[in-house]
Amino acid sequence: MKVGLVNYYLRLKDYPTRYSLATLRLGEYLNSCNIDVELYPIPLDVNQYTEIVNDLNNKFDIIAISHYVWSVNSTKRLVDEIMKQNSCKKIIIGGPEVRYIDVNEYKNVYFISGEGEEALVNLIKYIEDGEIDINFFKKNRNIFNDKNNQYCCESNELKYKNPLFTKFKNIDKSFLYYETSRGCAYNCGYCGFNNRKTVANFDLAFVEEEIKRIGQQNFKEVFVVDANFGGTKERAKIIMQYFNKYAPEAILTIYLRPEFIDDEFIGILKLANIKEIRIGIQTINKNIPSWVRSNSIYHIVKELPKLSKNNIPWKAELIIGLPGDNLNGLKESIDFVENILNPTEFCCYPLTVIKSTKMYELVNKTKDNMWIKVDENYMAYESNSYTHEELIEMQQYAINRMNNYLEKCYNKSDKLIKQKKNNVIKKTIE
Ligand code: SF4
């Protein structure tokens, strides 16, 4: 049976690749298990699925779809269209958003929650064998459908055999999403990055081989999506040295916690081809409890100015709309970022309250001291510490401060400011 792995892509101008890391990894894993598989990226914003679905139905016996919060509507439309054309087609949906899916809206569709590699191989074999194993769902607890909808994610183990670019080499070379670990050891109250109980790291020799291939394939830009680059402080240094040695031309974007930075790492970062290090400060407002912020002001103050002093490009990230914050708190956080940390750039993102987070437990609890209300897109709307009008004022204030800072830092390049200003506004309003 031939399997098509579908992923969506959007914003090609900012992230110029059609291929998701999830489907690249799954594709390599299926191929290493001798399953006939192709990747099938589709744009998220298509109006008409008929032609795409026609092609999918003709090419593949099994269609597996990678499903995220931004594809809630697209996946439903895609599945409905596939079923309309061929009601017997085997469809599998995996990805983080599967936890929130209403299975009753998807008859005869299989779902995989959590790590997908091994489960997907088992499910494909089950389908190939005629779906007759009556113990299949008991043996594969993270697979479910509308008739067998009791599931749990038991395994946090990473499954991988072949490195990236073993089968799938012919992909967009301008940009690559990459990972060296999964999960996060921290626990910020607003963060949705909690679909794993523990951090799992790819074996260092495996990472080294993949970074060699990234260099050989001449990828222009690599966005490492690890919650914190490398997963641990020591691995971060080793992996950055791999990039410096094997893929020095690739421009890197990474996420880091200040706790990962020390003088030795600064020395390695100075030699690296960094486009941007993104570091979450979120807020320094003490009225916001530490379970929300989970940041270490000590490490922030001690380590981050060193990045600036050494001309290592980094972006401080703040959040607008945390319950407990207000315009004064926001001003204080921005002053701190500008005056003490002096990053290359800073950005204030509006708060999205994600289901399954501790923050979500505050939604509409208006009788408690701390509460928040959200709009239909789960964006913060008002809270115990600000009205909706004050939130809008905070957003406008943040936009002005971000743009003023950009003008101050980039006053020699009008074009760059314009580009970055547009970005700031887009990200803040979205
Ligand atoms: S915000 Fe970053 S550090 Fe905090 S839990 Fe999420 S991924 Fe981890």
# chains A, B, ... in the order shown; residues from 1 in each chain; ligands from 1
$ select_by_dssp --residues "segment 122-193 of chain A" --states "alpha helix (DSSP H)" --output "PyMOL selection string"
chain A and resi 122-128+136-139
$ write_last_selection --atoms "C-alpha atoms" --output "PDB file, in the first residue's frame"
ATOM      1  CA  ASN A 122       1.750  -0.458  13.356  1.00  0.00           C
ATOM      2  CA  LEU A 123      -1.431   1.144  12.039  1.00  0.00           C
ATOM      3  CA  ILE A 124      -0.371   0.870   8.407  1.00  0.00           C
ATOM      4  CA  LYS A 125       0.413  -2.834   8.927  1.00  0.00           C
ATOM      5  CA  TYR A 126      -2.965  -3.336  10.637  1.00  0.00           C
ATOM      6  CA  ILE A 127      -4.725  -1.742   7.657  1.00  0.00           C
ATOM      7  CA  GLU A 128      -2.651  -3.784   5.194  1.00  0.00           C
ATOM      8  CA  PHE A 136      -5.064  -3.903  17.972  1.00  0.00           C
ATOM      9  CA  PHE A 137      -6.340  -0.922  19.998  1.00  0.00           C
ATOM     10  CA  LYS A 138      -5.393  -2.588  23.298  1.00  0.00           C
ATOM     11  CA  LYS A 139      -1.855  -3.096  22.022  1.00  0.00           C
TER      12      LYS A 139
END
$ residues_around --residues "Tyr110 of chain A" --least-positions-apart "5" --cutoff "7 Å" --atoms "only C-alpha atoms" --output "number ranges by chain"
A: 91-93, 144-145
$ write_last_selection --atoms "C-alpha atoms" --output "mmCIF file, in the first residue's frame"
data_model
loop_
_atom_site.group_PDB
_atom_site.id
_atom_site.type_symbol
_atom_site.label_atom_id
_atom_site.label_comp_id
_atom_site.auth_asym_id
_atom_site.auth_seq_id
_atom_site.Cartn_x
_atom_site.Cartn_y
_atom_site.Cartn_z
ATOM 1 C CA ILE A 91 -7.293 8.253 6.557
ATOM 2 C CA ILE A 92 -5.035 8.743 9.567
ATOM 3 C CA ILE A 93 -4.713 12.012 11.495
ATOM 4 C CA PHE A 144 -8.126 5.529 18.330
ATOM 5 C CA ASN A 145 -11.168 6.101 16.136
#
$ closest_residue --among "A:Ile214, A:Ile284, A:Leu341, A:Ala205" --to "Tyr246 of chain A" --atoms "only C-alpha atoms"
A:Ile214
$ closest_residue --among "A:Lys107, A:Arg141, A:Lys90, A:Arg401" --to "Glu345 of chain A" --atoms "only C-alpha atoms"
A:Arg401
$ residues_around --residues "Leu120 of chain A" --least-positions-apart "6" --cutoff "9 Å" --atoms "only C-alpha atoms" --output "VMD selection string"
chain A and resid 26 30 64 92 94 112 143
$ residues_around --residues "segment 260-266 of chain A" --least-positions-apart "5" --cutoff "9 Å" --atoms "only C-alpha atoms" --output "PyMOL selection string"
chain A and resi 228-229+232-234+236-237+240+271+299+303-304+306-307+310+312
$ residues_near_ligand --ligand "ligand 1" --cutoff "12 Å" --atoms "only C-alpha atoms and all ligand atoms" --output "ChimeraX atom specification"
/A:181-199,225-229,231-232,254-260,278-283,290-296,317-319,351,354,357-358
$ write_last_selection --atoms "C-alpha atoms" --output "PDB file, in the first residue's frame"
ATOM      1  CA  SER A 181      15.439  17.237  21.098  1.00  0.00           C
ATOM      2  CA  ARG A 182      11.730  17.117  21.894  1.00  0.00           C
ATOM      3  CA  GLY A 183       9.918  18.488  24.913  1.00  0.00           C
ATOM      4  CA  CYS A 184      10.853  21.094  27.493  1.00  0.00           C
ATOM      5  CA  ALA A 185      12.203  20.736  31.014  1.00  0.00           C
ATOM      6  CA  TYR A 186      10.507  23.979  32.130  1.00  0.00           C
ATOM      7  CA  ASN A 187       6.866  24.528  32.822  1.00  0.00           C
ATOM      8  CA  CYS A 188       5.625  28.023  31.998  1.00  0.00           C
ATOM      9  CA  GLY A 189       1.952  28.378  32.846  1.00  0.00           C
ATOM     10  CA  TYR A 190       0.848  29.703  29.432  1.00  0.00           C
ATOM     11  CA  CYS A 191       2.914  27.375  27.249  1.00  0.00           C
ATOM     12  CA  GLY A 192       1.378  24.700  25.042  1.00  0.00           C
ATOM     13  CA  PHE A 193       4.706  22.965  24.561  1.00  0.00           C
ATOM     14  CA  ASN A 194       3.679  20.282  27.010  1.00  0.00           C
ATOM     15  CA  ASN A 195       2.679  17.310  24.880  1.00  0.00           C
ATOM     16  CA  ARG A 196       5.572  15.281  26.276  1.00  0.00           C
ATOM     17  CA  LYS A 197       6.131  14.435  29.922  1.00  0.00           C
ATOM     18  CA  THR A 198       9.905  14.426  29.624  1.00  0.00           C
ATOM     19  CA  VAL A 199      12.562  15.855  27.347  1.00  0.00           C
ATOM     20  CA  VAL A 225      12.598  24.191  16.812  1.00  0.00           C
ATOM     21  CA  ASP A 226      13.926  22.654  20.058  1.00  0.00           C
ATOM     22  CA  ALA A 227      12.157  24.377  22.973  1.00  0.00           C
ATOM     23  CA  ASN A 228      15.680  25.082  24.203  1.00  0.00           C
ATOM     24  CA  PHE A 229      18.449  24.474  21.738  1.00  0.00           C
ATOM     25  CA  GLY A 231      17.797  20.097  25.215  1.00  0.00           C
ATOM     26  CA  THR A 232      20.556  20.597  27.812  1.00  0.00           C
ATOM     27  CA  ILE A 254      17.235  28.997  17.784  1.00  0.00           C
ATOM     28  CA  TYR A 255      15.387  29.270  21.088  1.00  0.00           C
ATOM     29  CA  LEU A 256      17.392  29.487  24.301  1.00  0.00           C
ATOM     30  CA  ARG A 257      16.803  29.826  28.018  1.00  0.00           C
ATOM     31  CA  PRO A 258      19.203  32.277  29.704  1.00  0.00           C
ATOM     32  CA  GLU A 259      20.173  29.382  32.002  1.00  0.00           C
ATOM     33  CA  PHE A 260      21.873  27.711  29.007  1.00  0.00           C
ATOM     34  CA  ARG A 278      14.962  33.979  20.592  1.00  0.00           C
ATOM     35  CA  ILE A 279      14.812  34.299  24.338  1.00  0.00           C
ATOM     36  CA  GLY A 280      11.589  34.533  26.323  1.00  0.00           C
ATOM     37  CA  ILE A 281      11.646  37.178  29.042  1.00  0.00           C
ATOM     38  CA  GLN A 282       7.808  37.369  29.031  1.00  0.00           C
ATOM     39  CA  THR A 283       7.548  39.912  31.873  1.00  0.00           C
ATOM     40  CA  SER A 290       6.226  32.669  39.212  1.00  0.00           C
ATOM     41  CA  TRP A 291       4.235  29.653  37.953  1.00  0.00           C
ATOM     42  CA  VAL A 292       3.258  31.810  34.985  1.00  0.00           C
ATOM     43  CA  ARG A 293       6.621  33.445  34.332  1.00  0.00           C
ATOM     44  CA  SER A 294       9.013  30.633  35.169  1.00  0.00           C
ATOM     45  CA  ASN A 295      11.911  32.964  34.262  1.00  0.00           C
ATOM     46  CA  SER A 296      15.110  33.455  36.180  1.00  0.00           C
ATOM     47  CA  GLU A 317      10.301  38.176  23.666  1.00  0.00           C
ATOM     48  CA  LEU A 318       7.646  39.646  25.940  1.00  0.00           C
ATOM     49  CA  ILE A 319       3.979  38.777  26.354  1.00  0.00           C
ATOM     50  CA  LEU A 351      -1.213  36.178  24.879  1.00  0.00           C
ATOM     51  CA  ILE A 354      -3.957  27.454  25.153  1.00  0.00           C
ATOM     52  CA  THR A 357      -2.273  24.734  30.163  1.00  0.00           C
ATOM     53  CA  LYS A 358      -2.436  25.908  33.759  1.00  0.00           C
TER      54      LYS A 358
END
$ select_by_dssp --residues "segment 274-425 of chain A" --states "strand (DSSP E)" --output "VMD selection string"
chain A and resid 274 to 282 314 to 320 345 to 350 372 to 374 380 to 383
$ write_last_selection --atoms "C-alpha atoms" --output "PDB file, in the first residue's frame"
ATOM      1  CA  ILE A 274      23.319  33.118  13.912  1.00  0.00           C
ATOM      2  CA  LYS A 275      20.365  34.900  12.399  1.00  0.00           C
ATOM      3  CA  GLU A 276      18.516  35.154  15.679  1.00  0.00           C
ATOM      4  CA  ILE A 277      18.450  33.679  19.156  1.00  0.00           C
ATOM      5  CA  ARG A 278      14.962  33.979  20.592  1.00  0.00           C
ATOM      6  CA  ILE A 279      14.812  34.299  24.338  1.00  0.00           C
ATOM      7  CA  GLY A 280      11.589  34.533  26.323  1.00  0.00           C
ATOM      8  CA  ILE A 281      11.646  37.178  29.042  1.00  0.00           C
ATOM      9  CA  GLN A 282       7.808  37.369  29.031  1.00  0.00           C
ATOM     10  CA  TRP A 314      19.153  37.978  19.766  1.00  0.00           C
ATOM     11  CA  LYS A 315      15.558  38.859  20.258  1.00  0.00           C
ATOM     12  CA  ALA A 316      13.901  39.353  23.629  1.00  0.00           C
ATOM     13  CA  GLU A 317      10.301  38.176  23.666  1.00  0.00           C
ATOM     14  CA  LEU A 318       7.646  39.646  25.940  1.00  0.00           C
ATOM     15  CA  ILE A 319       3.979  38.777  26.354  1.00  0.00           C
ATOM     16  CA  ILE A 320       1.157  41.316  26.430  1.00  0.00           C
ATOM     17  CA  GLU A 345      15.395  43.498  18.774  1.00  0.00           C
ATOM     18  CA  PHE A 346      12.468  42.824  21.053  1.00  0.00           C
ATOM     19  CA  CYS A 347       8.963  41.717  20.322  1.00  0.00           C
ATOM     20  CA  CYS A 348       5.774  41.766  22.405  1.00  0.00           C
ATOM     21  CA  TYR A 349       3.382  38.968  21.534  1.00  0.00           C
ATOM     22  CA  PRO A 350      -0.276  38.976  22.473  1.00  0.00           C
ATOM     23  CA  ILE A 372      -8.840  35.930  32.398  1.00  0.00           C
ATOM     24  CA  LYS A 373     -11.394  36.116  29.604  1.00  0.00           C
ATOM     25  CA  VAL A 374     -10.559  35.149  26.039  1.00  0.00           C
ATOM     26  CA  ALA A 380      -6.590  37.334  25.958  1.00  0.00           C
ATOM     27  CA  TYR A 381      -9.535  39.746  26.068  1.00  0.00           C
ATOM     28  CA  GLU A 382      -9.596  41.088  29.635  1.00  0.00           C
ATOM     29  CA  SER A 383      -8.394  39.975  33.053  1.00  0.00           C
TER      30      SER A 383
END
$ residues_around --residues "Pro16 of chain A" --least-positions-apart "4" --cutoff "10 Å" --atoms "only C-alpha atoms" --output "PyMOL selection string"
chain A and resi 9-12+172-176+221
$ write_last_selection --atoms "C-alpha atoms" --output "compact mmCIF listing (two decimals), in the first residue's frame"
# COMPACT_ATOMS: atom_id res chain seq x y z
CA TYR A 9 2.39 25.11 4.71
CA LEU A 10 1.78 28.84 4.95
CA ARG A 11 3.79 32.09 5.02
CA LEU A 12 6.34 30.87 2.48
CA ASP A 172 13.34 23.10 -0.68
CA LYS A 173 16.90 24.14 0.15
CA SER A 174 16.19 27.72 1.22
CA PHE A 175 14.91 26.81 4.62
CA LEU A 176 14.77 23.81 6.95
CA GLU A 221 18.64 28.77 6.64
$ closest_residue --among "A:Glu97, A:Glu51, A:Glu117, A:Asp80" --to "Lys355 of chain A" --atoms "only C-alpha atoms"
A:Glu97
$ closest_residue --among "A:Lys59, A:Lys212, A:Lys286, A:Lys302" --to "Pro323 of chain A" --atoms "only C-alpha atoms"
A:Lys286
$ closest_residue --among "A:Ala22, A:Ile62, A:Gly230, A:Asn328" --to "Asp36 of chain A" --atoms "only C-alpha atoms"
A:Ile62
$ residues_around --residues "Ile171 of chain A" --least-positions-apart "4" --cutoff "10 Å" --atoms "only C-alpha atoms" --output "JSON, numbers by chain"
{"A": [17, 18, 19, 24, 39, 165, 175, 176, 217, 219]}
$ write_last_selection --atoms "N, CA and C atoms" --output "CSV table (one decimal), in the first residue's frame"
chain,number,residue,atom,x,y,z
A,17,THR,N,9.8,27.0,3.1
A,17,THR,CA,9.8,25.6,2.8
A,17,THR,C,8.4,25.0,2.8
A,18,ARG,N,8.1,24.0,2.0
A,18,ARG,CA,6.8,23.4,2.0
A,18,ARG,C,6.7,22.2,2.9
A,19,TYR,N,7.9,21.8,3.4
A,19,TYR,CA,8.0,20.5,4.1
A,19,TYR,C,8.1,20.7,5.6
A,24,LEU,N,8.8,15.0,7.5
A,24,LEU,CA,10.1,14.5,7.0
A,24,LEU,C,10.6,13.4,7.9
A,39,LEU,N,5.9,12.3,0.5
A,39,LEU,CA,5.4,13.5,1.2
A,39,LEU,C,4.5,14.3,0.3
A,165,PHE,N,17.1,13.1,5.2
A,165,PHE,CA,17.7,13.2,3.8
A,165,PHE,C,18.3,11.8,3.4
A,175,PHE,N,15.3,26.7,3.2
A,175,PHE,CA,14.9,26.8,4.6
A,175,PHE,C,14.6,25.4,5.1
A,176,LEU,N,15.1,25.1,6.4
A,176,LEU,CA,14.8,23.8,6.9
A,176,LEU,C,14.4,24.0,8.4
A,217,GLN,N,24.0,19.4,1.9
A,217,GLN,CA,22.8,19.8,1.1
A,217,GLN,C,22.7,21.3,0.9
A,219,PHE,N,21.7,23.8,2.8
A,219,PHE,CA,20.5,24.6,3.3
A,219,PHE,C,21.0,26.0,3.6
